file run_3.cif (mmCIF, C-alpha atoms)
data_protein
#
loop_
_atom_site.group_PDB
_atom_site.id
_atom_site.type_symbol
_atom_site.label_atom_id
_atom_site.label_comp_id
_atom_site.auth_asym_id
_atom_site.auth_seq_id
_atom_site.Cartn_x
_atom_site.Cartn_y
_atom_site.Cartn_z
ATOM 1 C CA MET A 48 95.674 29.419 40.448
ATOM 2 C CA ARG A 49 95.691 28.113 36.910
ATOM 3 C CA ALA A 50 98.996 26.223 37.368
ATOM 4 C CA TRP A 51 97.578 24.519 40.445
ATOM 5 C CA ARG A 52 94.407 23.477 38.622
ATOM 6 C CA ILE A 53 96.357 21.999 35.707
ATOM 7 C CA VAL A 54 98.883 20.148 37.889
ATOM 8 C CA SER A 55 96.267 18.855 40.327
ATOM 9 C CA ARG A 56 94.050 17.584 37.512
ATOM 10 C CA VAL A 57 96.919 15.849 35.703
ATOM 11 C CA VAL A 58 98.121 14.203 38.919
ATOM 12 C CA ALA A 59 94.513 13.208 39.730
ATOM 13 C CA VAL A 60 94.255 11.400 36.401
ATOM 14 C CA PHE A 61 97.521 9.530 37.006
ATOM 15 C CA TYR A 62 96.396 8.466 40.471
ATOM 16 C CA GLY A 63 93.033 7.406 39.070
ATOM 17 C CA TYR A 64 94.964 5.183 36.673
ATOM 18 C CA GLY A 65 96.964 3.868 39.643
ATOM 19 C CA ALA A 66 93.715 2.941 41.404
ATOM 20 C CA LEU A 67 92.608 1.084 38.265
ATOM 21 C CA VAL A 68 95.879 -0.881 38.250
ATOM 22 C CA HIS A 69 95.221 -1.986 41.838
ATOM 23 C CA VAL A 70 91.735 -3.158 40.866
ATOM 24 C CA LEU A 71 93.193 -5.061 37.898
ATOM 25 C CA ASN A 72 95.768 -6.629 40.248
ATOM 26 C CA MET A 73 92.963 -7.770 42.543
ATOM 27 C CA LEU A 74 91.144 -9.286 39.582
ATOM 28 C CA SER A 75 94.372 -11.139 38.636
ATOM 29 C CA LEU A 76 94.485 -9.362 35.268
ATOM 30 C CA THR A 77 98.036 -7.994 35.502
ATOM 31 C CA GLY A 78 100.074 -11.164 35.303
ATOM 32 C CA PHE A 79 99.837 -12.774 38.728
ATOM 33 C CA ASP A 80 97.273 -14.727 40.732
ATOM 34 C CA TRP A 81 96.223 -12.155 43.329
ATOM 35 C CA PRO A 82 94.573 -14.567 45.829
ATOM 36 C CA ALA A 83 97.826 -16.557 45.908
ATOM 37 C CA ALA A 84 100.050 -13.459 46.034
ATOM 38 C CA PRO A 85 102.091 -12.610 49.117
ATOM 39 C CA LEU A 86 99.966 -11.022 51.836
ATOM 40 C CA ARG A 87 102.065 -7.834 51.778
ATOM 41 C CA TRP A 88 101.221 -7.322 48.080
ATOM 42 C CA GLN A 89 97.525 -7.831 48.799
ATOM 43 C CA VAL A 90 97.565 -5.410 51.736
ATOM 44 C CA LEU A 91 99.449 -2.809 49.697
ATOM 45 C CA ASP A 92 97.034 -3.175 46.771
ATOM 46 C CA VAL A 93 94.038 -2.593 49.023
ATOM 47 C CA ALA A 94 95.657 0.287 50.912
ATOM 48 C CA TYR A 95 96.885 2.045 47.772
ATOM 49 C CA LEU A 96 93.590 1.495 45.958
ATOM 50 C CA TRP A 97 91.829 3.567 48.629
ATOM 51 C CA LEU A 98 94.663 6.069 48.927
ATOM 52 C CA ASP A 99 94.890 6.532 45.149
ATOM 53 C CA LEU A 100 91.116 7.011 44.952
ATOM 54 C CA LEU A 101 91.278 9.659 47.679
ATOM 55 C CA VAL A 102 94.117 11.411 45.843
ATOM 56 C CA ALA A 103 92.352 11.270 42.475
ATOM 57 C CA VAL A 104 88.960 12.465 43.698
ATOM 58 C CA GLY A 105 90.417 14.863 46.250
ATOM 59 C CA LEU A 106 92.755 16.621 43.845
ATOM 60 C CA TRP A 107 90.106 16.762 41.126
ATOM 61 C CA ARG A 108 87.588 18.278 43.531
ATOM 62 C CA GLY A 109 90.118 20.586 45.199
ATOM 63 C CA TRP A 110 89.865 19.001 48.646
ATOM 64 C CA SER A 111 92.700 19.585 51.104
ATOM 65 C CA ALA A 112 92.364 15.900 52.069
ATOM 66 C CA GLY A 113 93.340 15.063 48.482
ATOM 67 C CA VAL A 114 96.528 17.084 48.839
ATOM 68 C CA ALA A 115 97.372 15.409 52.155
ATOM 69 C CA ALA A 116 96.622 11.963 50.701
ATOM 70 C CA PHE A 117 98.827 12.771 47.722
ATOM 71 C CA TYR A 118 101.819 13.555 49.940
ATOM 72 C CA VAL A 119 101.249 10.366 51.957
ATOM 73 C CA ALA A 120 100.856 8.222 48.812
ATOM 74 C CA ALA A 121 103.768 9.678 46.849
ATOM 75 C CA SER A 122 106.282 9.819 49.684
ATOM 76 C CA SER A 123 105.384 6.373 51.059
ATOM 77 C CA GLN A 124 105.761 4.808 47.607
ATOM 78 C CA VAL A 125 109.191 6.392 47.197
ATOM 79 C CA VAL A 126 110.160 4.770 50.517
ATOM 80 C CA LEU A 127 108.583 1.434 49.524
ATOM 81 C CA TYR A 128 110.403 1.253 46.197
ATOM 82 C CA THR A 129 113.785 2.433 47.512
ATOM 83 C CA VAL A 130 114.401 1.752 51.221
ATOM 84 C CA LEU A 131 111.970 -1.187 51.444
ATOM 85 C CA ARG A 132 112.466 -2.469 47.909
ATOM 86 C CA GLU A 133 114.018 -5.785 48.925
ATOM 87 C CA TRP A 134 111.221 -6.396 51.432
ATOM 88 C CA ILE A 135 108.631 -5.817 48.680
ATOM 89 C CA LEU A 136 110.478 -8.164 46.330
ATOM 90 C CA ASP A 137 111.305 -10.879 48.898
ATOM 91 C CA VAL A 138 108.589 -13.250 47.702
ATOM 92 C CA PRO A 139 108.159 -16.932 46.870
ATOM 93 C CA PRO A 140 109.835 -18.030 43.602
ATOM 94 C CA GLU A 141 106.574 -18.070 41.632
ATOM 95 C CA PHE A 142 106.220 -14.318 42.304
ATOM 96 C CA THR A 143 109.789 -13.308 41.547
ATOM 97 C CA VAL A 144 109.746 -10.202 39.389
ATOM 98 C CA SER A 145 111.680 -9.826 36.160
ATOM 99 C CA ALA A 146 114.334 -7.227 35.429
ATOM 100 C CA GLU A 147 111.736 -5.257 33.476
ATOM 101 C CA GLN A 148 109.406 -5.231 36.483
ATOM 102 C CA ARG A 149 112.274 -4.015 38.696
ATOM 103 C CA ASP A 150 112.899 -1.235 36.189
ATOM 104 C CA TYR A 151 109.199 -0.374 36.368
ATOM 105 C CA LEU A 152 109.543 0.108 40.129
ATOM 106 C CA SER A 153 112.474 2.465 39.503
ATOM 107 C CA GLY A 154 110.288 4.346 37.041
ATOM 108 C CA LEU A 155 107.608 4.662 39.719
ATOM 109 C CA VAL A 156 110.164 6.249 42.048
ATOM 110 C CA VAL A 157 110.988 8.831 39.380
ATOM 111 C CA PHE A 158 107.282 9.417 38.700
ATOM 112 C CA HIS A 159 106.517 10.025 42.370
ATOM 113 C CA LEU A 160 109.520 12.317 42.815
ATOM 114 C CA VAL A 161 108.492 14.363 39.771
ATOM 115 C CA THR A 162 104.897 14.634 40.986
ATOM 116 C CA LEU A 163 106.080 15.650 44.463
ATOM 117 C CA VAL A 164 108.101 18.476 42.920
ATOM 118 C CA ALA A 165 105.315 19.509 40.522
ATOM 119 C CA VAL A 166 102.584 19.560 43.170
ATOM 120 C CA SER A 167 104.816 21.374 45.658
ATOM 121 C CA ALA A 168 105.791 23.985 43.063
ATOM 122 C CA ALA A 169 102.183 24.508 41.965
ATOM 123 C CA LEU A 170 101.071 24.901 45.586
ATOM 124 C CA TRP A 171 103.894 27.373 46.229
ATOM 125 C CA VAL A 172 102.913 29.450 43.183
ATOM 126 C CA ARG A 173 99.276 29.339 44.278
ATOM 127 C CA HIS A 174 100.203 30.429 47.791
ATOM 128 C CA GLN A 175 102.314 33.300 46.439
ATOM 129 C CA ARG A 176 99.413 34.550 44.350
ATOM 130 C CA LEU A 177 96.953 34.292 47.231
ATOM 131 C CA ALA A 178 99.227 35.814 49.884
ATOM 132 C CA PRO A 179 98.199 39.329 50.920
ATOM 133 C CA GLY A 180 100.493 42.074 49.736
ATOM 134 C CA VAL A 181 102.191 39.938 47.104
ATOM 135 C CA ARG A 182 102.148 41.396 43.610
ATOM 136 C CA THR A 183 101.376 38.945 40.849
ATOM 137 C CA ASP A 184 102.110 41.103 37.792
#

call {"tool": "encode", "arguments": {"input": "run_3.cif", "output": "C-alpha cells"}}
result
Amino acid sequence: MRAWRIVSRVVAVFYGYGALVHVLNMLSLTGFDWPAAPLRWQVLDVAYLWLDLLVAVGLWRGWSAGVAAFYVAASSQVVLYTVLREWILDVPPEFTVSAEQRDYLSGLVVFHLVTLVAVSAALWVRHQRLAPGVRTD
C-alpha cells in the first residue's frame, strides 16, 4: 500500500503542475497569445486542464475516478504527441514550434509512458498485497 501512496502522490503533483501550465497557457504567459491560438490548442488546454485537475485531486485523495482519469490523460497524450503529432503542430506560421518545443513534446511522451508503467506497477503491487490468500512476507 505504501508504494501506491508514494507513486499516486508523486503523479498527482506532476499532474497538478500540468494543470497549472494549462492555466498559464490560457493567460498567455507561456510564450503564445492564447486567444489567437489555433482552436485545437485552446480546446486541448481546456480539456486537459480539467482532466489534469481530476487526476491530481483524484490520485491525491485516493479516488478511483482519479485513477481512471489518469489512464485517459496519460494514454491520450501519448497518442496526441505520437500518432497525432503532425495534426497538433499543423498550425499557422506564427504558431510554428521550435525544435526545442518539439523535443519537449517527445519528453512528454516519455514522461507519460514512465508514469503509465509506474502507476500500473504500483497498482499491481497493491492488488497483490490486498488479494486474499496472497502472502506478503

call {"tool": "residues_around", "arguments": {"input": "run_3.cif", "residues": "A:Ala121", "least_positions_apart": "3", "cutoff": "12 Å", "atoms": "all atoms listed in the file", "output": "PyMOL selection string"}}
result
chain A and resi 58+61-62+65+95+98-99+102+113-118+124-128+155-167

call {"tool": "residues_around", "arguments": {"input": "run_3.cif", "residues": "stretch 83-93 of chain A", "least_positions_apart": "4", "cutoff": "9 Å", "atoms": "all atoms listed in the file", "output": "NGL selection string"}}
result
:A and (66 or 68-70 or 72-73 or 79 or 97-98 or 135 or 138-139 or 142)

call {"tool": "residues_around", "arguments": {"input": "run_3.cif", "residues": "stretch 51-56 of chain A", "least_positions_apart": "6", "cutoff": "8 Å", "atoms": "all atoms listed in the file", "output": "PyMOL selection string"}}
result
chain A and resi 106-107+165-166+169-170+172-173

call {"tool": "atom_distance", "arguments": {"input": "run_3.cif", "atom1": "atom CA of A:Ala178", "atom2": "atom CA of A:Trp110"}}
result
19.3 Å

call {"tool": "atom_distance", "arguments": {"input": "run_3.cif", "atom1": "atom CA of A:Tyr151", "atom2": "atom CA of A:Glu133"}}
result
14.5 Å

call {"tool": "atom_distance", "arguments": {"input": "run_3.cif", "atom1": "atom CA of A:Ala103", "atom2": "atom CA of A:Gly63"}}
result
5.2 Å

call {"tool": "axis_aligned_box", "arguments": {"input": "run_3.cif", "around": "stretch 106-117 of chain A", "padding_each_side": "4 Å", "output": "JSON"}}
result
{"center_x": 93.2, "center_y": 16.3, "center_z": 46.6, "size_x": 19.2, "size_y": 16.6, "size_z": 19.0}
